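Colleague: Following this line is my_file.cif, made up of mmCIF, C-alpha atoms:
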data_run
#
loop_
_atom_site.label_atom_id
_atom_site.label_comp_id
_atom_site.auth_asym_id
_atom_site.auth_seq_id
_atom_site.Cartn_x
_atom_site.Cartn_y
_atom_site.Cartn_z
CA MET N 1350 39.21 37.66 -13.22
CA GLN N 1351 42.28 39.84 -13.55
CA ALA N 1352 44.51 36.76 -13.69
CA GLY N 1353 42.40 35.34 -16.51
CA VAL N 1354 42.57 38.58 -18.48
CA LEU N 1355 46.33 38.79 -17.91
CA PHE N 1356 46.78 35.18 -19.06
CA ALA N 1357 44.69 35.82 -22.20
CA LEU N 1358 46.68 38.94 -23.04
CA LEU N 1359 49.96 37.11 -22.48
CA ALA N 1360 48.84 34.20 -24.67
CA GLY N 1361 47.77 36.60 -27.40
CA ALA N 1362 51.09 38.46 -27.21
CA LEU N 1363 53.07 35.22 -27.48
CA PHE N 1364 50.91 34.05 -30.39
CA ALA N 1365 51.56 37.32 -32.24
CA ALA N 1366 55.25 37.55 -31.35
CA PHE N 1367 56.32 33.97 -32.11
CA PRO N 1368 56.26 34.29 -35.94
CA VAL N 1369 58.42 37.42 -35.67
CA PHE N 1370 60.82 35.61 -33.32
CA TRP N 1371 60.97 32.60 -35.67
CA MET N 1372 61.62 34.88 -38.64
CA ALA N 1373 64.47 36.60 -36.81
CA ALA N 1374 65.95 33.29 -35.63
CA SER N 1375 65.77 31.80 -39.14
CA SER N 1376 67.61 34.79 -40.61
CA PHE N 1377 70.72 33.75 -38.67
CA LYS N 1378 70.61 30.15 -39.90
CA THR N 1379 71.96 28.59 -43.07
CA ASN N 1380 69.35 27.60 -45.63
CA PRO N 1381 69.78 23.80 -45.07
CA GLU N 1382 69.52 24.28 -41.30
CA ILE N 1383 66.07 25.82 -41.67
CA PHE N 1384 64.78 22.47 -43.01
CA GLU N 1385 66.18 20.35 -40.17
CA LEU N 1386 63.78 18.01 -38.38
CA PRO N 1387 63.10 18.42 -35.59
CA PRO N 1388 63.44 22.17 -36.11
CA ARG N 1389 65.98 23.98 -33.98
CA VAL N 1390 64.74 27.24 -32.47
CA ILE N 1391 68.18 28.70 -31.74
CA THR N 1392 70.96 27.91 -34.16
CA GLU N 1393 74.34 26.73 -32.96
CA SER N 1394 76.11 28.15 -36.03
CA PHE N 1395 75.00 31.76 -35.58
CA SER N 1396 75.69 33.55 -38.88
CA PHE N 1397 75.17 36.95 -40.50
CA ASP N 1398 75.71 35.49 -43.97
CA ALA N 1399 72.12 36.12 -45.07
CA TYR N 1400 72.34 39.79 -44.08
CA GLY N 1401 75.76 40.13 -45.69
CA SER N 1402 74.47 38.58 -48.90
CA ILE N 1403 71.61 41.08 -49.11
CA LEU N 1404 73.56 44.18 -48.11
CA SER N 1405 76.40 43.38 -50.50
CA ASN N 1406 74.08 42.79 -53.46
CA PRO N 1407 73.51 46.07 -55.37
CA VAL N 1408 70.23 44.80 -56.83
CA GLU N 1409 68.76 44.00 -53.42
CA VAL N 1410 70.06 47.23 -51.88
CA ARG N 1411 68.28 49.04 -54.71
CA PHE N 1412 64.99 47.56 -53.49
CA PHE N 1413 65.45 49.40 -50.20
CA VAL N 1414 66.45 52.64 -51.93
CA ASN N 1415 63.32 52.48 -54.09
CA SER N 1416 61.10 51.82 -51.07
CA TYR N 1417 62.58 54.78 -49.19
CA ILE N 1418 62.16 57.11 -52.17
CA VAL N 1419 58.55 56.09 -52.76
CA ALA N 1420 57.45 55.88 -49.11
CA LEU N 1421 59.04 59.18 -48.06
CA SER N 1422 57.70 60.98 -51.14
CA VAL N 1423 54.19 59.65 -50.55
CA THR N 1424 54.37 60.62 -46.87
CA VAL N 1425 55.52 64.20 -47.48
CA LEU N 1426 53.12 64.87 -50.36
CA THR N 1427 50.19 63.29 -48.54
CA LEU N 1428 50.81 65.39 -45.43
CA VAL N 1429 51.10 68.64 -47.40
CA VAL N 1430 47.93 68.04 -49.43
CA ALA N 1431 46.00 66.69 -46.42
CA ILE N 1432 46.98 69.68 -44.26
CA LEU N 1433 45.67 72.11 -46.87
CA ALA N 1434 42.51 70.08 -47.48
CA GLY N 1435 41.92 69.50 -43.77
CA TYR N 1436 42.26 73.22 -43.07
CA ALA N 1437 39.73 74.02 -45.79
CA PHE N 1438 37.21 71.45 -44.51
CA SER N 1439 37.69 72.51 -40.91
CA ARG N 1440 37.65 76.29 -41.20
CA PHE N 1441 35.78 77.30 -44.38
CA GLU N 1442 32.42 76.85 -46.05
CA PHE N 1443 32.45 76.31 -49.81
CA PRO N 1444 30.21 74.76 -52.51
CA PHE N 1445 29.93 70.96 -52.54
CA LYS N 1446 31.76 70.64 -49.22
CA ARG N 1447 29.43 67.90 -48.00
CA THR N 1448 29.61 66.09 -51.35
CA LEU N 1449 33.41 66.13 -51.27
CA ASN N 1450 33.35 64.78 -47.72
CA ILE N 1451 31.18 61.88 -48.85
CA VAL N 1452 33.50 61.17 -51.79
CA ILE N 1453 36.57 61.17 -49.53
CA VAL N 1454 34.96 58.79 -47.05
CA SER N 1455 33.73 56.57 -49.90
CA VAL N 1456 37.27 56.12 -51.23
CA GLN N 1457 38.13 54.38 -47.95
CA ALA N 1458 35.43 51.79 -48.66
CA VAL N 1459 36.70 50.84 -52.15
CA PRO N 1460 38.89 47.69 -52.18
CA PRO N 1461 42.19 48.67 -53.87
CA ILE N 1462 42.29 45.49 -55.94
CA THR N 1463 39.18 46.60 -57.86
CA LEU N 1464 41.15 49.60 -59.16
CA LEU N 1465 44.21 47.64 -60.26
CA ILE N 1466 43.33 47.24 -63.94
CA PRO N 1467 41.95 50.79 -64.41
CA TYR N 1468 45.05 52.27 -62.79
CA PHE N 1469 47.35 50.09 -64.87
CA GLY N 1470 45.68 51.33 -68.06
CA LEU N 1471 45.82 54.94 -66.86
CA ILE N 1472 49.49 54.76 -65.88
CA VAL N 1473 50.47 53.19 -69.21
CA THR N 1474 48.46 55.80 -71.14
CA LEU N 1475 50.19 58.62 -69.23
CA GLY N 1476 53.61 57.13 -69.98
CA LEU N 1477 54.42 56.64 -66.29
CA TYR N 1478 54.76 52.85 -66.29
CA ASN N 1479 57.84 51.61 -64.40
CA THR N 1480 58.54 55.02 -62.83
CA TYR N 1481 58.49 56.51 -59.33
CA PRO N 1482 55.59 58.89 -60.12
CA ALA N 1483 53.43 55.88 -61.02
CA LEU N 1484 53.80 54.40 -57.55
CA ILE N 1485 53.73 57.73 -55.68
CA LEU N 1486 50.55 59.01 -57.35
CA THR N 1487 48.81 55.66 -57.03
CA TYR N 1488 49.63 55.27 -53.34
CA MET N 1489 48.46 58.81 -52.64
CA VAL N 1490 44.99 57.92 -53.87
CA PHE N 1491 44.69 55.44 -50.99
CA THR N 1492 46.51 57.44 -48.31
CA LEU N 1493 45.00 60.88 -48.91
CA SER N 1494 41.43 60.03 -47.91
CA TYR N 1495 42.47 58.71 -44.49
CA ALA N 1496 44.91 61.59 -44.00
CA ILE N 1497 42.31 64.24 -44.84
CA ILE N 1498 39.72 62.69 -42.52
CA MET N 1499 42.18 62.45 -39.61
CA ILE N 1500 43.71 65.92 -40.03
CA THR N 1501 40.28 67.53 -40.47
CA GLY N 1502 39.18 65.89 -37.25
CA TYR N 1503 42.32 67.09 -35.49
CA PHE N 1504 41.91 70.67 -36.70
CA ASN N 1505 38.29 70.54 -35.49
CA THR N 1506 39.57 70.00 -31.94
CA LEU N 1507 41.54 73.26 -32.05
CA PRO N 1508 39.59 76.44 -31.13
CA ARG N 1509 38.90 78.77 -34.03
CA GLU N 1510 39.94 81.65 -31.78
CA LEU N 1511 43.57 80.61 -32.24
CA ASP N 1512 43.77 81.36 -35.95
CA GLU N 1513 41.29 84.22 -35.70
CA ALA N 1514 43.58 85.95 -33.19
CA VAL N 1515 46.44 85.74 -35.65
CA LYS N 1516 44.29 87.14 -38.45
CA VAL N 1517 43.43 90.15 -36.26
CA ASP N 1518 47.15 90.95 -36.21
CA GLY N 1519 47.13 91.07 -40.00
CA ALA N 1520 48.26 87.52 -40.77
CA SER N 1521 46.77 85.65 -43.74
CA PRO N 1522 44.86 82.36 -43.34
CA MET N 1523 47.89 80.48 -44.67
CA MET N 1524 50.13 82.07 -42.05
CA ALA N 1525 47.61 81.09 -39.37
CA LEU N 1526 47.68 77.52 -40.67
CA TRP N 1527 51.47 77.06 -40.81
CA ARG N 1528 52.41 79.13 -37.77
CA ILE N 1529 49.63 78.19 -35.36
CA LEU N 1530 47.59 75.14 -36.33
CA VAL N 1531 50.34 72.95 -37.77
CA PRO N 1532 52.72 73.29 -34.76
CA LEU N 1533 49.82 72.49 -32.42
CA SER N 1534 48.85 69.49 -34.55
CA VAL N 1535 52.20 67.68 -34.47
CA PRO N 1536 50.82 64.55 -32.70
CA GLY N 1537 48.09 64.16 -35.31
CA LEU N 1538 50.45 64.81 -38.19
CA VAL N 1539 52.96 62.28 -36.85
CA SER N 1540 50.32 59.57 -36.53
CA VAL N 1541 49.08 60.24 -40.06
CA GLY N 1542 52.64 60.33 -41.39
CA ILE N 1543 53.56 56.99 -39.81
CA TYR N 1544 50.39 55.36 -41.10
CA THR N 1545 51.03 56.73 -44.60
CA PHE N 1546 54.65 55.56 -44.55
CA MET N 1547 53.55 52.07 -43.49
CA ILE N 1548 51.03 51.82 -46.32
CA ALA N 1549 53.55 52.94 -48.96
CA TRP N 1550 56.39 50.83 -47.54
CA ASN N 1551 54.45 47.57 -47.31
CA GLU N 1552 52.34 47.79 -50.49
CA TYR N 1553 52.86 44.84 -52.82
CA LEU N 1554 50.13 44.51 -55.45
CA PHE N 1555 50.49 47.86 -57.23
CA ALA N 1556 54.28 47.79 -56.89
CA LEU N 1557 54.29 44.46 -58.72
CA THR N 1558 51.87 45.59 -61.43
CA LEU N 1559 53.18 49.10 -62.14
CA THR N 1560 56.90 48.24 -62.31
CA ARG N 1561 58.77 45.96 -64.66
CA THR N 1562 62.54 46.13 -64.09
CA GLU N 1563 64.51 45.21 -60.98
CA ASP N 1564 65.89 48.75 -60.63
CA MET N 1565 62.31 49.95 -59.89
CA ARG N 1566 61.17 47.15 -57.59
CA THR N 1567 60.51 47.76 -53.89
CA VAL N 1568 61.26 45.65 -50.80
CA PRO N 1569 58.05 43.52 -50.82
CA ILE N 1570 58.76 42.57 -54.44
CA GLY N 1571 62.42 41.94 -53.58
CA ILE N 1572 61.37 39.42 -50.94
CA GLN N 1573 59.17 37.63 -53.44
CA LEU N 1574 62.01 37.52 -55.99
CA LEU N 1575 64.07 35.44 -53.55
CA MET N 1576 61.67 32.60 -54.31
CA GLY N 1577 63.45 30.90 -57.19
CA GLN N 1578 62.01 28.43 -59.65
CA HIS N 1579 63.78 25.48 -58.05
CA ALA N 1580 64.80 26.72 -54.60
CA TYR N 1581 63.82 29.30 -52.01
CA ARG N 1582 66.51 31.28 -50.20
CA TRP N 1583 64.60 31.20 -46.93
CA ASN N 1584 67.33 32.65 -44.72
CA GLU N 1585 67.76 35.63 -47.04
CA MET N 1586 63.98 36.06 -47.25
CA MET N 1587 63.84 36.20 -43.45
CA ALA N 1588 66.78 38.60 -43.31
CA MET N 1589 65.24 40.95 -45.88
CA SER N 1590 61.92 40.77 -44.02
CA ILE N 1591 63.66 41.81 -40.80
CA LEU N 1592 65.50 44.64 -42.55
CA GLY N 1593 62.25 45.70 -44.19
CA SER N 1594 60.49 45.81 -40.81
CA LEU N 1595 63.08 48.00 -39.11
CA PRO N 1596 62.09 51.42 -40.59
CA VAL N 1597 58.45 51.10 -39.52
CA LEU N 1598 59.44 49.69 -36.12
CA PHE N 1599 61.92 52.54 -35.61
CA LEU N 1600 59.34 55.18 -36.50
CA PHE N 1601 56.76 53.69 -34.17
CA LEU N 1602 59.15 53.39 -31.23
CA VAL N 1603 60.50 56.92 -31.62
CA PHE N 1604 57.13 58.61 -32.18
CA GLN N 1605 54.96 56.23 -30.14
CA ARG N 1606 53.55 58.87 -27.77
CA TYR N 1607 52.67 61.16 -30.69
CA PHE N 1608 51.18 58.26 -32.63
CA ILE N 1609 48.77 57.19 -29.87
CA GLY N 1610 47.88 60.75 -28.93
CA GLY N 1611 47.29 61.73 -32.55
CA LEU N 1612 44.95 58.84 -33.24
CA THR N 1613 42.79 59.53 -30.19
CA SER N 1614 42.71 63.32 -30.63
CA GLY N 1615 41.83 63.11 -34.32
CA ALA N 1616 38.86 60.89 -33.49
CA VAL N 1617 37.35 63.16 -30.84
CA LYS N 1618 35.50 65.53 -33.12
CA ASN N 1619 34.80 65.42 -36.83
#
Output the file's structure as structure tokens, nothing else.

Modeller:
Amino acid sequence: MQAGVLFALLAGALFAAFPVFWMAASSFKTNPEIFELPPRVITESFSFDAYGSILSNPVEVRFFVNSYIVALSVTVLTLVVAILAGYAFSRFEFPFKRTLNIVIVSVQAVPPITLLIPYFGLIVTLGLYNTYPALILTYMVFTLSYAIIMITGYFNTLPRELDEAVKVDGASPMMALWRILVPLSVPGLVSVGIYTFMIAWNEYLFALTLTRTEDMRTVPIGIQLLMGQHAYRWNEMMAMSILGSLPVLFLFLVFQRYFIGGLTSGAVKN
């Protein structure tokens, strides 16, 4: 039984890992070599030309800069707003609290594509088309609901006596939040932050619709732009895909223990 489970897990891992391995291997090939038949898994002419071409091209480097600006801004703003909202939902009673909870949960159920045209019209009307605020504000609509739900759940696992003890010493509710609850909630905040960064970093549809010029495009759009009208630069597409995967992979590896702990703790009580 255990051998069968182990074999199934190994087969699943290989199935999931092979496309990533093939993508990495293809990024070190020349474009003609990628089309060789039979295909060669490991190239004999190992080359960093695809990576050099991308990193030496100011337009393509700009894609990465834009993605970092947007993803980091969305992550920071989402965490700040979600911390304040989560604290309010966890520790206070106020009018329409239940209604707001239902609205926040309902946002998670709305397919983003259904909001594409309304958001495009709104962004154009506000004069934000082809700007960073257009992407940041739009992404926050989809990241905030999840962040608020998770952080509220995490705060609910922390005893109220912690912040009440601080208030007895004369501290304000905000001081109790930032000095007591937030430091204790680092695993939950890290997991939410990584998830938010991933959403903003990988988003394609709204980035394509709400930007027009190459100096505002992000990495997913940059990969698509390598598909020319008459030829595809497959090795550069693979190289940019690898480079685009590194930030999320780095964050997950560094904060893995916080990420797993934060997800499980935030789901304990809501």

Colleague: Hey, can you check how far CA of Thr1487 (chain N) sits from CA of Pro1569 (chain N)?

Modeller: 16.5 Å

Colleague: Between N:Phe1469, N:Trp1583, N:Phe1601, N:Tyr1544, which one has atoms that come closest to Thr1424 (chain N), using only C-alpha atoms?

Modeller: N:Tyr1544

Colleague: Nearest to Leu1465 (chain N): which of N:Thr1492, N:Thr1558, N:Ser1534, N:Ser1594 is it, counting only C-alpha atoms?

Modeller: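 Looking at the shortest contact to Leu1465 (chain N), the residue is N:Thr1558.
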
Colleague: Interatomic distance between CA of Asn1584 (chain N) and CA of Phe1546 (chain N)?

Modeller: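 Computing the Euclidean distance for CA of Asn1584 (chain N) and CA of Phe1546 (chain N) yields 26.2 Å.
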
Colleague: What does the distance between CA of Tyr1436 (chain N) and CA of Leu1526 (chain N) come to in Å, to one decimal place?

Modeller: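 Spanning CA of Tyr1436 (chain N) to CA of Leu1526 (chain N) is a straight-line distance of 7.3 Å.
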
Colleague: Neighbouring residues of Leu1433 (chain N) were defined as those with any atom within 10 Å, considering all atoms listed in the file; residues of the same chain fewer than 4 positions away were excluded. Please report them as a ChimeraX atom specification.

Modeller: /N:1428-1429,1437-1439,1497,1500-1501,1523,1526-1527

Colleague: So that I can see what lies close to Asn1450 (chain N), please list as a PDB file with C-alpha atoms, in the frame of the given file the residues with an atom at most 12 Å from it, counting only C-alpha atoms and leaving out residues fewer than 4 positions away in the same chain.

Modeller:
ATOM      1  CA  ALA N1434      42.510  70.080 -47.480  1.00  0.00           C
ATOM      2  CA  GLY N1435      41.920  69.500 -43.770  1.00  0.00           C
ATOM      3  CA  ALA N1437      39.730  74.020 -45.790  1.00  0.00           C
ATOM      4  CA  PHE N1438      37.210  71.450 -44.510  1.00  0.00           C
ATOM      5  CA  SER N1439      37.690  72.510 -40.910  1.00  0.00           C
ATOM      6  CA  PHE N1443      32.450  76.310 -49.810  1.00  0.00           C
ATOM      7  CA  PRO N1444      30.210  74.760 -52.510  1.00  0.00           C
ATOM      8  CA  PHE N1445      29.930  70.960 -52.540  1.00  0.00           C
ATOM      9  CA  LYS N1446      31.760  70.640 -49.220  1.00  0.00           C
ATOM     10  CA  VAL N1454      34.960  58.790 -47.050  1.00  0.00           C
ATOM     11  CA  SER N1455      33.730  56.570 -49.900  1.00  0.00           C
ATOM     12  CA  VAL N1456      37.270  56.120 -51.230  1.00  0.00           C
ATOM     13  CA  GLN N1457      38.130  54.380 -47.950  1.00  0.00           C
ATOM     14  CA  SER N1494      41.430  60.030 -47.910  1.00  0.00           C
ATOM     15  CA  TYR N1495      42.470  58.710 -44.490  1.00  0.00           C
ATOM     16  CA  ILE N1497      42.310  64.240 -44.840  1.00  0.00           C
ATOM     17  CA  ILE N1498      39.720  62.690 -42.520  1.00  0.00           C
ATOM     18  CA  THR N1501      40.280  67.530 -40.470  1.00  0.00           C
ATOM     19  CA  ASN N1619      34.800  65.420 -36.830  1.00  0.00           C
TER      20      ASN N1619
END

Colleague: Apply the PyMOL selection byres ((chain N and resi 1570) around 10) to the structure shown and report the selected residues as a list in words.

Modeller: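 Applied to this file, the PyMOL selection byres ((chain N and resi 1570) around 10) selects Phe1412, Asn1551, Glu1552, Tyr1553, Leu1554, Ala1556, Leu1557, Thr1560, Glu1563, Met1565, Arg1566, Thr1567, Val1568, Pro1569, Gly1571, Ile1572, Gln1573, Leu1574 and Leu1575 of chain N.
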
Colleague: Looking at N:Ser1394, N:Thr1463, N:Thr1545, N:Ser1402, which one is nearest to Ile1485 (chain N), with distances taken over all atoms listed in the file?

Modeller: N:Thr1545

Colleague: Please list as an MDAnalysis selection string every residue within 12 Å of Glu1393 (chain N), counting all atoms listed in the file and excluding residues in the same chain fewer than 5 positions away.

Modeller: chainID N and resid 1374:1375 1377:1379 1382

Colleague: Any idea what's packed within 10 Å of Val1410 (chain N), counting only C-alpha atoms, ignoring anything in its chain fewer than 2 positions away? Could you give it as an MDAnalysis selection string?

Modeller: chainID N and resid 1403:1408 1412:1415 1564 1567:1568 1571 1589

Colleague: Counting all atoms listed in the file, select every polymer residue within 12 Å of (44.9, 53.0, -64.9) as defined in the file's coordinates, and provide the selection as a list in words.

Modeller: Ile1462, Thr1463, Leu1464, Leu1465, Ile1466, Pro1467, Tyr1468, Phe1469, Gly1470, Leu1471, Ile1472, Val1473, Thr1474, Leu1475, Gly1476, Leu1477, Tyr1478, Ala1483, Leu1484, Leu1486, Thr1487, Phe1555, Thr1558 and Leu1559 of chain N

Colleague: For each of N:Thr1562, N:Gly1542, N:Glu1510, N:Ala1549, take the minimum atom-to-atom distance to Phe1491 (chain N), counting only C-alpha atoms, then give the residue where this is smallest.

Modeller: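 Under the stated criterion, the closest residue is N:Ala1549.
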